[in-house]
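Engineer: One structure follows; several queries about it will come next.
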Amino acid sequence: MKIDVKNVAKLANLKLTSEEEKKFEGQLGDILTYVEQLQKVDTTGVEETAQVTGLSNVARSDTTSPSLSQDEALSGAKEQHNGFVKVQAILEE
Amino acid sequence: MDTTNLTIESILEGYRSKKFSAVDVVSAYLERIEQHDKDLNSFITVTKAEALKEAAERDSSGDFSLPLAGLPIALKDIFSTKGIKTTAASNVLKDYIASYDATVVTRLKEAGAIILGKLNHDAWAHGSSGENSDFGPTKNPWNTKFTPGGSSSGSAAAVSAGFTPIATATDTGGSIRLPASFTNTVGLKPTYGRVSRYGVISMASSLDSIGHITKTVMDSAIVLNATAGADGLDATLHSEKPDDYTKNIKNGIKGMKFGIPKEFVSEGLSKDVSDVFEKTVEALKSLGAEIVDVSLPNTEYGIATYYIIQPSEVSSNLARYDGIRFGNKRTEFGEEAKRRIMLGTFTLSSGYYDAYYKKAMQVRTLIKNDFEKVFEEVDALIAPVSPTLPWKLDEKNNDPLAMYLSDALTVTANIAGIPSLAVPAGFAQGLPVGIQIMGPQFSEEKLFQIGYAYEQATEYYKQTPNL
């Protein structure tokens with residue numbers, strides 16, 4: 001299996017060097033070839049397992065409780081403005 | 001004070017009989033870290049001043065009634081700690097200070113434990129050797145040319161080296177059991193949903209199990225008493241749990257029936273490991289257990305299933321690291337994290353989802369069914385943890401697939417969500433070998449009972465590395 005490294009990197013929001021692109025193309029191809037052995041397993045009619053201990057529809061009660069203060073929540077943000085997290089502009093004029 | 005053979009039990013006994021103080025114990029561990037960790041690189045952060053202060057407070061209170069009163073612990077640096085740097089061993093979070101504690105951290109503190117610091121590991125817990133850490137590799141205390149196993153490399157090395165009696169760790173595909181078996185320590189991978197994941201930096205959410213590494217099986221059970229159970233913050237937790245995991249631990253294994261999965265001991269197992277494993281089987285028989293051969297036919301698909309499900313979930317969990325709300329930019333991700341993000345992004349992408357992720361989730365069902373079927377016949381399964389002895393640093397570093405395959409005997413427990421306890425089983429060529437005891441979901445109490453009987457009969461835990 002060959003993987004379109006440039007496109008996948010774009011989807012993953014990663015910037016790769018051309019050296020990394022080349023390296024990953026080979027390595028990811030090897031790994032995908034390995035995992036493709038699953039295609040020979042007959043899974044007709046087999047349910048998928050996502051929650052392994054069989055829980056479903058777990059909800060908590062809808063009550064309020066103390067949470068982080070604004071200062072605490074912002075403590076890791078490198079760029080701040082008036083108590084908000086500052087981000088790059090997405091829309092241009 | 002020699003810390004190398006201290007256990008939770010012996011420390012608490014010393015406190016309660018006033019043989020030594022919490023300051024004595026904490027100072028002794030800190031001194032040993034200072035003296036020897038430069039050779040092992042097991043710690044990322046040592047919280048010396050805070051630890052000594054807490055120890056002094058514990059001594060002046062004179063209250064040693066809590067289950068872990070004055071007990072030093074160290075935390076894999078993937079557990080969030082309020083006010084203490086939490087790096088995930090990655091440059092992305094190299095200067096990140098968490099604003100809250102993980103549930104496990106809160107519970108260990110409430111049980112009286114004192115934090116000595118944060119431990120090294122493969123960045124984001126991605127790896128089997130500890131070499132993927134952005135803070136440098138951890139060395140094996142038994143021979144510093146060898147890897148201590150990963151991803152919980154620092155947790156295993158620190159307990160083995162006598163730097164701490166307890167280390168927290170995480171196991172998504174073998175990351176507790178492999179390093180435990182490479183360092184002559186006890187590693188518990190609990191059932192999925194036994195211990196809260198809240199505040200532990202997520203790797204693969206349907207597989208992540210939160211456990212710990214200790215010197216002895218009794219200590220492992222004592223720590224699980226503190227960490228297990230629902231917290232209202234992790235929706236996958238089961239609310240029912242035994243009152244005390246140590247209650248039946250000394251009841252022995254006479255009349256128990258253990259299975260040896262033939263797929264775990266077939267070709268690929270090195271002679272060193274298979275020789276040690278044969279002795280394990282004899283020891284269990286002489287303790288009165290019946291041993292039978294069993295089959296888990298889908299074991300051969302374990303790694304392939306795991307290397308679809310895990311990177312898929314990794315790519316989703318690591319998407320949140322954008323360097324905006326906290327942490328640094330995505331350019332700071334190391335090579336292994338990028339590789340897994342790329343792989344998972346691909347297997348989840350439009351047009352490929354059914355062929356990869358959905359298929360893997362179906363094979364997951366088959367692997368889980370294999371275990372359920374054999375557990376109708378046997379109390380537990382016994383197998384080696386690693387098909388080989390610890391390997392040398394750098395040996396597998398440039399071959400990701402070879403590194404992935406070293407988890408062949410551990411990933412299926414994560415895929416099936418069952419608990420597995422790794423226990424020291426002896427040595428070959430001067431390096432430790434471990435076995436794992438696997439049981440049905442939520443059978444930790446029985447695994448401790450089996451592990452304890454075996455450990456007390458063999459006493460490998462009494463051997464410590466020369467630093």
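Starting from 1 in every chain, residues are counted up; chains themselves are A, B, ... following the order of the structure tokens, and ligands are numbered from 1 as listed.
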Within 8 Å of Tyr404 of chain B, counting only C-alpha atoms, which residues show up once you throw out same-chain ones fewer than 6 positions away? Write them as a count of residues only, please.

Structural biologist: 3

Engineer: Just the residues within 9 Å of Asn13 of chain A, please, counting only C-alpha atoms, with nothing from its chain fewer than 5 positions along; format it as JSON, numbers by chain.

Structural biologist: {"A": [8], "B": [319, 330]}

Engineer: Let me see the file: selected residues, N, CA and C atoms, as a PDB file, in the first residue's frame.

Structural biologist:
```
ATOM      1  N   VAL A   8      -1.954  13.301   3.515  1.00  0.00           N
ATOM      2  CA  VAL A   8      -2.233  12.873   4.888  1.00  0.00           C
ATOM      3  C   VAL A   8      -1.642  13.892   5.877  1.00  0.00           C
TER       4      VAL A   8
ATOM      5  N   ALA B 319      -4.708  15.484  18.132  1.00  0.00           N
ATOM      6  CA  ALA B 319      -5.179  16.626  17.334  1.00  0.00           C
ATOM      7  C   ALA B 319      -5.371  17.868  18.199  1.00  0.00           C
ATOM      8  N   ARG B 330       2.779  22.219  16.813  1.00  0.00           N
ATOM      9  CA  ARG B 330       2.837  20.832  16.338  1.00  0.00           C
ATOM     10  C   ARG B 330       4.177  20.476  15.693  1.00  0.00           C
TER      11      ARG B 330
END
```

Engineer: Using only C-alpha atoms, which residues of chain B come within 6 Å of chain A, and what is the closest atom pair for each, with the distance in Å to one decimal? Give it as CSV, sorted by chain and residue number.

Structural biologist:
```
residue,atom,partner,partner_atom,distance
B:Ser99,CA,A:Glu72,CA,6.0
B:Ala304,CA,A:Val35,CA,4.3
B:Arg325,CA,A:Ala77,CA,4.5
B:Phe326,CA,A:Gly76,CA,4.3
B:Met361,CA,A:Glu48,CA,4.8
B:Gln362,CA,A:Glu48,CA,4.3
B:Thr365,CA,A:Thr49,CA,5.4
B:Gly417,CA,A:Val52,CA,5.8
```

Engineer: Which residue out of B:Asp39, B:Asp275, B:Asp370, B:Glu9 has the minimum interatomic distance to Thr216 of chain B when only C-alpha atoms are used?

Structural biologist: B:Glu9

Engineer: Can you work out the spacing between atom CA of Ser286 of chain B and atom CA of Ala428 of chain B in Å, to one decimal?

Structural biologist: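 About the pair atom CA of Ser286 of chain B and atom CA of Ala428 of chain B: they are 22.1 Å apart.
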
Engineer: Could you go through segment 162-275 of chain B and tell me which residues DSSP, when run on the backbone, assigns to alpha helix (DSSP H), listing them as a PyMOL selection string?

Structural biologist: chain B and resi 177-182+217-227+271-275

Engineer: Suppose you want the space between atom CA of Met218 of chain B and atom CA of Thr4 of chain B; what is it in Å?

Structural biologist: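 Between atom CA of Met218 of chain B and atom CA of Thr4 of chain B the gap is 16.5 Å.
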
Engineer: Find the distance between atom CA of Val378 of chain B and atom CA of Ile260 of chain B and write it in Å to one decimal.

Structural biologist: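 Here the two named atoms are 9.7 Å from each other.
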